[in-house]
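In what follows, a structure is listed as structure tokens, so that the remarks can point back to it.
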Amino acid sequence: MSNTIIQVKNLHKKYGEFEAVKGISFDVMEGEIFGLLGPNGAGKSTTLEIIETLREKTSGEVIVNGLNLDHSPNEIKKIIGVQLQTSGYYPNLNLIELIRLFAGLYNEEADPMALLDKINLKDKAKAKFKELSGGQKQRFSIATTLINHPKIIFLDEPTTGLDPQARRNLWDLIKGIRDEGTTVILTTHYMDEAEVLCDRVAIIDSGKIIAIASPDKMIDDLVATGFERPKEVKKANLEDVFINLTGHSIREE
Ligand code: ADP
Ligand code: MG
């Protein structure tokens, strides 16, 4: 039913003598949220940046929407959206000005208020980027990936450092983007996040993929081996308590 939009075959990346990515292969399907999970240093960012055309691979093959990375990097750039490190923004421009600036770089028409509405930041339209909270900055930077109407967006640890409410707001935003037809590939080291957000995940450790499946399938497979959690699990956790006490709405920080 769904088409493959990214194919990675036997990808290797060496930094000098050190091999950070050791021959990984995976496919991403059109319209899914695909997660690369793994501890720090596993090779997640390296892998994403190679697919984004921002880093040279050592060997292997990468095809994005039928385009070979070796032959058509510029065509690939046109159909992807990449979340920049937030420190890269001009701190003294307001959000409308930043959206216009990005749109100009992409040669696209932008409707800044519509975009801000999508991320619940209309009331911050005249605020400067540096005046936003952590969660608002992340929402804004995700929105900027959408300006060139990409087929695929890449989010590298989009929720790291956010509080629980801001994380959940971001999950809703990312699901909404996927629901509108954009493929999302993201990295995270939060398993709870991957479980609610990702259609499929690849678990990567020390430069190797050790499992690829839907979170559901991975959990079922583990349970089928006879695995049981060591102690009885309560019906709520401390995060649920926090969100219940402070409210789940867009109220942030
Ligand atoms: P992750 O995003 O999973 O935390 P990275 O892809 O950033 O992992 O890094 C994978 C490994 O490659 C780490 O051991 C890291 O120190 C190393 N590494 C990353 N970038 C460079 C670089 N530019 N030069 C040398 N080593 C690097
Ligand atoms: Mg990383």
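Chain identifiers are assigned as A, B, and so on, following the order in which chains appear in the structure tokens; residues are numbered from 1 within each chain, and ligands are numbered from 1 in order of appearance.
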
Between chain A and ligand 2, at 8 Å or less, what are the per-residue closest atom pairs and their distances in Å? Count only C-alpha atoms and all ligand atoms, order by chain and rising residue number, and return it as a Markdown table.
| residue | atom | partner | partner_atom_place_in_ligand_line | distance |
| --- | --- | --- | --- | --- |
| A:Asn40 | CA | ligand 2 | 1 (Mg) | 6.5 |
| A:Gly41 | CA | ligand 2 | 1 (Mg) | 6.8 |
| A:Ala42 | CA | ligand 2 | 1 (Mg) | 8.0 |
| A:Gly43 | CA | ligand 2 | 1 (Mg) | 7.0 |
| A:Lys44 | CA | ligand 2 | 1 (Mg) | 5.5 |
| A:Ser45 | CA | ligand 2 | 1 (Mg) | 4.1 |
| A:Thr46 | CA | ligand 2 | 1 (Mg) | 7.2 |
| A:Asp156 | CA | ligand 2 | 1 (Mg) | 6.6 |
| A:Glu157 | CA | ligand 2 | 1 (Mg) | 7.1 |
| A:Thr187 | CA | ligand 2 | 1 (Mg) | 7.6 |

Output the selection as a PDB file, in the first residue's frame - N, CA, C and O atoms for each residue.
ATOM      1  N   ASN A  40      23.125   8.268  23.374  1.00  0.00           N
ATOM      2  CA  ASN A  40      24.047   9.266  22.836  1.00  0.00           C
ATOM      3  C   ASN A  40      25.243   8.573  22.199  1.00  0.00           C
ATOM      4  O   ASN A  40      25.762   7.603  22.727  1.00  0.00           O
ATOM      5  N   GLY A  41      25.647   9.077  21.049  1.00  0.00           N
ATOM      6  CA  GLY A  41      26.814   8.527  20.377  1.00  0.00           C
ATOM      7  C   GLY A  41      26.519   7.325  19.505  1.00  0.00           C
ATOM      8  O   GLY A  41      27.421   6.747  18.898  1.00  0.00           O
ATOM      9  N   ALA A  42      25.242   6.929  19.393  1.00  0.00           N
ATOM     10  CA  ALA A  42      24.895   5.726  18.635  1.00  0.00           C
ATOM     11  C   ALA A  42      25.085   5.919  17.128  1.00  0.00           C
ATOM     12  O   ALA A  42      25.242   4.940  16.390  1.00  0.00           O
ATOM     13  N   GLY A  43      25.044   7.167  16.669  1.00  0.00           N
ATOM     14  CA  GLY A  43      25.174   7.425  15.233  1.00  0.00           C
ATOM     15  C   GLY A  43      23.904   7.974  14.606  1.00  0.00           C
ATOM     16  O   GLY A  43      23.785   8.039  13.379  1.00  0.00           O
ATOM     17  N   LYS A  44      22.956   8.400  15.417  1.00  0.00           N
ATOM     18  CA  LYS A  44      21.667   8.892  14.907  1.00  0.00           C
ATOM     19  C   LYS A  44      21.836  10.176  14.088  1.00  0.00           C
ATOM     20  O   LYS A  44      21.369  10.266  12.953  1.00  0.00           O
ATOM     21  N   SER A  45      22.499  11.166  14.679  1.00  0.00           N
ATOM     22  CA  SER A  45      22.641  12.451  13.978  1.00  0.00           C
ATOM     23  C   SER A  45      23.479  12.286  12.715  1.00  0.00           C
ATOM     24  O   SER A  45      23.177  12.873  11.676  1.00  0.00           O
ATOM     25  N   THR A  46      24.528  11.494  12.818  1.00  0.00           N
ATOM     26  CA  THR A  46      25.369  11.251  11.639  1.00  0.00           C
ATOM     27  C   THR A  46      24.519  10.683  10.505  1.00  0.00           C
ATOM     28  O   THR A  46      24.598  11.158   9.359  1.00  0.00           O
ATOM     29  N   ASP A 156      15.848  16.220  14.646  1.00  0.00           N
ATOM     30  CA  ASP A 156      16.875  15.567  15.460  1.00  0.00           C
ATOM     31  C   ASP A 156      16.645  15.934  16.926  1.00  0.00           C
ATOM     32  O   ASP A 156      16.874  17.071  17.324  1.00  0.00           O
ATOM     33  N   GLU A 157      16.190  14.983  17.696  1.00  0.00           N
ATOM     34  CA  GLU A 157      15.865  15.186  19.119  1.00  0.00           C
ATOM     35  C   GLU A 157      14.981  16.408  19.344  1.00  0.00           C
ATOM     36  O   GLU A 157      15.352  17.329  20.074  1.00  0.00           O
ATOM     37  N   THR A 187      14.787  11.587  15.593  1.00  0.00           N
ATOM     38  CA  THR A 187      15.595  10.826  16.540  1.00  0.00           C
ATOM     39  C   THR A 187      15.120  11.165  17.949  1.00  0.00           C
ATOM     40  O   THR A 187      14.610  12.248  18.196  1.00  0.00           O
TER      41      THR A 187
END

* If we count only C-alpha atoms, what is near Thr159 in chain A at a cut-off of 8 Å, once residues fewer than 4 positions away on the same chain are taken out, given as number ranges by chain? -> A: 138, 167, 170, 188

Write a file of the just-selected residues containing N, CA, C and O atoms, as a PDB file, in the first residue's frame.
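Output contents, as saved in out_36.pdb:
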ATOM      1  N   GLN A 138      10.905  25.350  19.954  1.00  0.00           N
ATOM      2  CA  GLN A 138      10.919  24.093  19.205  1.00  0.00           C
ATOM      3  C   GLN A 138       9.763  24.035  18.214  1.00  0.00           C
ATOM      4  O   GLN A 138       9.924  23.570  17.092  1.00  0.00           O
ATOM      5  N   ARG A 167       6.451  18.800  25.661  1.00  0.00           N
ATOM      6  CA  ARG A 167       6.703  17.591  24.859  1.00  0.00           C
ATOM      7  C   ARG A 167       5.412  17.104  24.217  1.00  0.00           C
ATOM      8  O   ARG A 167       5.362  16.783  23.043  1.00  0.00           O
ATOM      9  N   LEU A 170       4.288  19.149  21.385  1.00  0.00           N
ATOM     10  CA  LEU A 170       5.112  18.891  20.210  1.00  0.00           C
ATOM     11  C   LEU A 170       4.709  17.575  19.532  1.00  0.00           C
ATOM     12  O   LEU A 170       4.699  17.481  18.311  1.00  0.00           O
ATOM     13  N   THR A 188      15.283  10.224  18.820  1.00  0.00           N
ATOM     14  CA  THR A 188      14.953  10.483  20.224  1.00  0.00           C
ATOM     15  C   THR A 188      15.674   9.460  21.080  1.00  0.00           C
ATOM     16  O   THR A 188      16.051   8.397  20.604  1.00  0.00           O
TER      17      THR A 188
END

* To do: List every residue of range 45-249 of chain A that DSSP, applied to the backbone, labels as strand (DSSP E or B), and write the result as JSON, numbers by chain.
  => {"A": [59, 60, 61, 62, 63, 64, 67, 68, 80, 81, 82, 94, 128, 152, 153, 154, 155, 156, 183, 184, 185, 186, 187, 188, 200, 201, 202, 203, 204, 205, 208, 209, 210, 211, 212, 213]}

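For the set A:Val82, A:Gly207, A:Leu36, A:Val62, the residue with the smallest atom-to-atom gap to Lys14 in chain A is A:Gly207, counting only C-alpha atoms.
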
* Residues near Ile5 in chain A, cut-off 10 Å, only C-alpha atoms, skip fewer than 2 positions along chain, as an NGL selection string -> :A and (2-3 or 7 or 27-32 or 63-67 or 151-152 or 183)

Writer output for current selection, N, CA and C atoms, as a PDB file, in the first residue's frame:
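In the end it all went to selection-v6.pdb:
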ATOM      1  N   SER A   2       1.776   1.344   0.991  1.00  0.00           N
ATOM      2  CA  SER A   2       2.572   2.576   1.032  1.00  0.00           C
ATOM      3  C   SER A   2       3.890   2.391   0.279  1.00  0.00           C
ATOM      4  N   ASN A   3       4.419   3.505  -0.189  1.00  0.00           N
ATOM      5  CA  ASN A   3       5.656   3.465  -0.964  1.00  0.00           C
ATOM      6  C   ASN A   3       6.851   3.772  -0.079  1.00  0.00           C
ATOM      7  N   GLN A   7      15.447   5.020   1.149  1.00  0.00           N
ATOM      8  CA  GLN A   7      16.126   3.724   1.233  1.00  0.00           C
ATOM      9  C   GLN A   7      17.573   3.971   1.615  1.00  0.00           C
ATOM     10  N   ASP A  27      14.488   1.210   5.476  1.00  0.00           N
ATOM     11  CA  ASP A  27      13.588   1.926   4.569  1.00  0.00           C
ATOM     12  C   ASP A  27      12.636   2.764   5.409  1.00  0.00           C
ATOM     13  N   VAL A  28      12.265   3.919   4.887  1.00  0.00           N
ATOM     14  CA  VAL A  28      11.205   4.726   5.497  1.00  0.00           C
ATOM     15  C   VAL A  28      10.063   4.788   4.495  1.00  0.00           C
ATOM     16  N   MET A  29       8.836   4.541   4.978  1.00  0.00           N
ATOM     17  CA  MET A  29       7.660   4.543   4.109  1.00  0.00           C
ATOM     18  C   MET A  29       7.049   5.936   4.025  1.00  0.00           C
ATOM     19  N   GLU A  30       6.482   6.227   2.877  1.00  0.00           N
ATOM     20  CA  GLU A  30       5.825   7.516   2.694  1.00  0.00           C
ATOM     21  C   GLU A  30       4.688   7.667   3.709  1.00  0.00           C
ATOM     22  N   GLY A  31       4.640   8.803   4.380  1.00  0.00           N
ATOM     23  CA  GLY A  31       3.530   9.101   5.283  1.00  0.00           C
ATOM     24  C   GLY A  31       3.667   8.559   6.681  1.00  0.00           C
ATOM     25  N   GLU A  32       4.814   7.985   7.007  1.00  0.00           N
ATOM     26  CA  GLU A  32       4.956   7.471   8.368  1.00  0.00           C
ATOM     27  C   GLU A  32       5.835   8.393   9.219  1.00  0.00           C
ATOM     28  N   ILE A  63      18.811   6.554  -1.197  1.00  0.00           N
ATOM     29  CA  ILE A  63      17.854   7.005  -2.212  1.00  0.00           C
ATOM     30  C   ILE A  63      16.722   7.725  -1.482  1.00  0.00           C
ATOM     31  N   VAL A  64      16.439   8.951  -1.900  1.00  0.00           N
ATOM     32  CA  VAL A  64      15.361   9.733  -1.289  1.00  0.00           C
ATOM     33  C   VAL A  64      14.347  10.091  -2.371  1.00  0.00           C
ATOM     34  N   ASN A  65      13.145   9.578  -2.225  1.00  0.00           N
ATOM     35  CA  ASN A  65      12.082   9.823  -3.214  1.00  0.00           C
ATOM     36  C   ASN A  65      12.561   9.500  -4.630  1.00  0.00           C
ATOM     37  N   GLY A  66      13.269   8.408  -4.771  1.00  0.00           N
ATOM     38  CA  GLY A  66      13.761   7.984  -6.081  1.00  0.00           C
ATOM     39  C   GLY A  66      15.034   8.683  -6.529  1.00  0.00           C
ATOM     40  N   LEU A  67      15.541   9.622  -5.743  1.00  0.00           N
ATOM     41  CA  LEU A  67      16.745  10.375  -6.120  1.00  0.00           C
ATOM     42  C   LEU A  67      17.952   9.790  -5.404  1.00  0.00           C
ATOM     43  N   LYS A 151       8.342  17.035   1.260  1.00  0.00           N
ATOM     44  CA  LYS A 151       7.716  15.711   1.347  1.00  0.00           C
ATOM     45  C   LYS A 151       8.142  15.006   2.625  1.00  0.00           C
ATOM     46  N   ILE A 152       9.336  15.355   3.112  1.00  0.00           N
ATOM     47  CA  ILE A 152       9.899  14.681   4.284  1.00  0.00           C
ATOM     48  C   ILE A 152      10.493  15.743   5.198  1.00  0.00           C
ATOM     49  N   THR A 183       6.056  12.945   5.455  1.00  0.00           N
ATOM     50  CA  THR A 183       6.795  11.883   6.137  1.00  0.00           C
ATOM     51  C   THR A 183       7.714  12.528   7.176  1.00  0.00           C
TER      52      THR A 183
END

* **Shortest interatomic distance to ligand 1 - which of A:Ile174, A:Ile243, A:Ala224, A:Leu48, counting only C-alpha atoms and all ligand atoms** => A:Leu48

* Backbone-only DSSP, alpha helix (DSSP H) members of range 25-151 of chain A, as JSON, numbers by chain -> {"A": [44, 45, 46, 47, 48, 49, 50, 51, 73, 74, 75, 76, 77, 78, 79, 95, 96, 97, 98, 99, 100, 101, 102, 103, 104, 105, 106, 112, 113, 114, 115, 116, 117, 118, 134, 135, 136, 137, 138, 139, 140, 141, 142, 143, 144]}

* To do: Write out as a ChimeraX atom specification the residues lying within 9 Å of range 196-205 of chain A, counting only C-alpha atoms and excluding same-chain residues fewer than 4 positions away.
  => /A:24,26,28,32-44,171-172,174-175,185-186,191-192,209-216

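Ranking A:Thr4, A:Ser133, A:Asn148, A:Thr47 by their shortest atom-to-atom distance to ligand 1, with only C-alpha atoms and all ligand atoms included, puts A:Thr47 first.
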
* To do: Find the residues around Ser141 in chain A up to 10 Å (only C-alpha atoms counted), leave out those fewer than 6 positions away in its own chain, and share them as a VMD selection string.
  => chain A and resid 82 to 86 89 129 135 155 158

Selected residues, all heavy atoms, written as a compact mmCIF listing (two decimals), in the first residue's frame, please.
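Below you can see selection.txt, which holds the result:
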# COMPACT_ATOMS: atom_id res chain seq x y z
N VAL A 82 14.57 20.52 7.03
CA VAL A 82 15.51 20.16 8.07
C VAL A 82 15.41 21.17 9.21
O VAL A 82 15.45 22.37 8.98
CB VAL A 82 16.95 20.13 7.52
CG1 VAL A 82 17.95 19.88 8.63
CG2 VAL A 82 17.07 19.06 6.44
N GLN A 83 15.26 20.64 10.41
CA GLN A 83 15.17 21.52 11.58
C GLN A 83 16.56 22.01 11.94
O GLN A 83 17.46 21.22 12.19
CB GLN A 83 14.58 20.73 12.75
CG GLN A 83 14.25 21.56 13.94
CD GLN A 83 13.73 20.70 15.09
OE1 GLN A 83 13.86 19.48 15.09
NE2 GLN A 83 13.16 21.35 16.07
N LEU A 84 16.74 23.32 11.94
CA LEU A 84 18.05 23.88 12.27
C LEU A 84 18.22 23.92 13.78
O LEU A 84 17.25 23.95 14.53
CB LEU A 84 18.15 25.31 11.75
CG LEU A 84 18.10 25.48 10.25
CD1 LEU A 84 18.14 26.96 9.89
CD2 LEU A 84 19.27 24.75 9.60
N GLN A 85 19.47 23.91 14.20
CA GLN A 85 19.73 24.16 15.61
C GLN A 85 19.19 25.55 15.93
O GLN A 85 19.43 26.49 15.18
CB GLN A 85 21.24 24.12 15.88
CG GLN A 85 21.85 22.76 15.65
CD GLN A 85 21.26 21.70 16.56
OE1 GLN A 85 21.19 21.90 17.76
NE2 GLN A 85 20.80 20.59 15.99
N THR A 86 18.46 25.68 17.04
CA THR A 86 17.75 26.94 17.28
C THR A 86 18.71 28.12 17.45
O THR A 86 18.34 29.26 17.24
CB THR A 86 16.86 26.84 18.53
OG1 THR A 86 17.64 26.31 19.58
CG2 THR A 86 15.67 25.95 18.27
N TYR A 89 19.09 31.02 14.63
CA TYR A 89 18.14 32.06 14.24
C TYR A 89 18.64 33.46 14.54
O TYR A 89 19.37 33.66 15.50
CB TYR A 89 16.79 31.85 14.94
CG TYR A 89 16.08 30.63 14.45
CD1 TYR A 89 15.92 29.53 15.28
CD2 TYR A 89 15.61 30.58 13.16
CE1 TYR A 89 15.29 28.40 14.82
CE2 TYR A 89 14.98 29.45 12.69
CZ TYR A 89 14.82 28.36 13.52
OH TYR A 89 14.22 27.25 13.05
N PHE A 129 12.44 35.77 18.47
CA PHE A 129 12.68 34.35 18.71
C PHE A 129 13.25 34.12 20.11
O PHE A 129 12.83 33.21 20.82
CB PHE A 129 13.65 33.80 17.64
CG PHE A 129 13.93 32.35 17.80
CD1 PHE A 129 12.98 31.40 17.45
CD2 PHE A 129 15.13 31.91 18.34
CE1 PHE A 129 13.22 30.05 17.62
CE2 PHE A 129 15.38 30.57 18.52
CZ PHE A 129 14.42 29.64 18.14
N GLY A 135 9.68 25.33 24.64
CA GLY A 135 8.71 24.59 23.82
C GLY A 135 8.26 25.41 22.62
O GLY A 135 8.09 24.87 21.52
N LEU A 155 13.77 15.67 12.06
CA LEU A 155 13.79 16.31 13.37
C LEU A 155 14.77 15.56 14.26
O LEU A 155 14.57 14.39 14.56
CB LEU A 155 12.40 16.29 14.00
CG LEU A 155 11.24 16.82 13.13
CD1 LEU A 155 9.90 16.60 13.85
CD2 LEU A 155 11.44 18.29 12.80
N PRO A 158 13.79 16.42 18.73
CA PRO A 158 12.97 17.63 18.81
C PRO A 158 12.48 17.95 20.22
O PRO A 158 12.12 19.10 20.48
CB PRO A 158 11.78 17.31 17.89
CG PRO A 158 11.73 15.83 17.82
CD PRO A 158 13.16 15.38 17.92
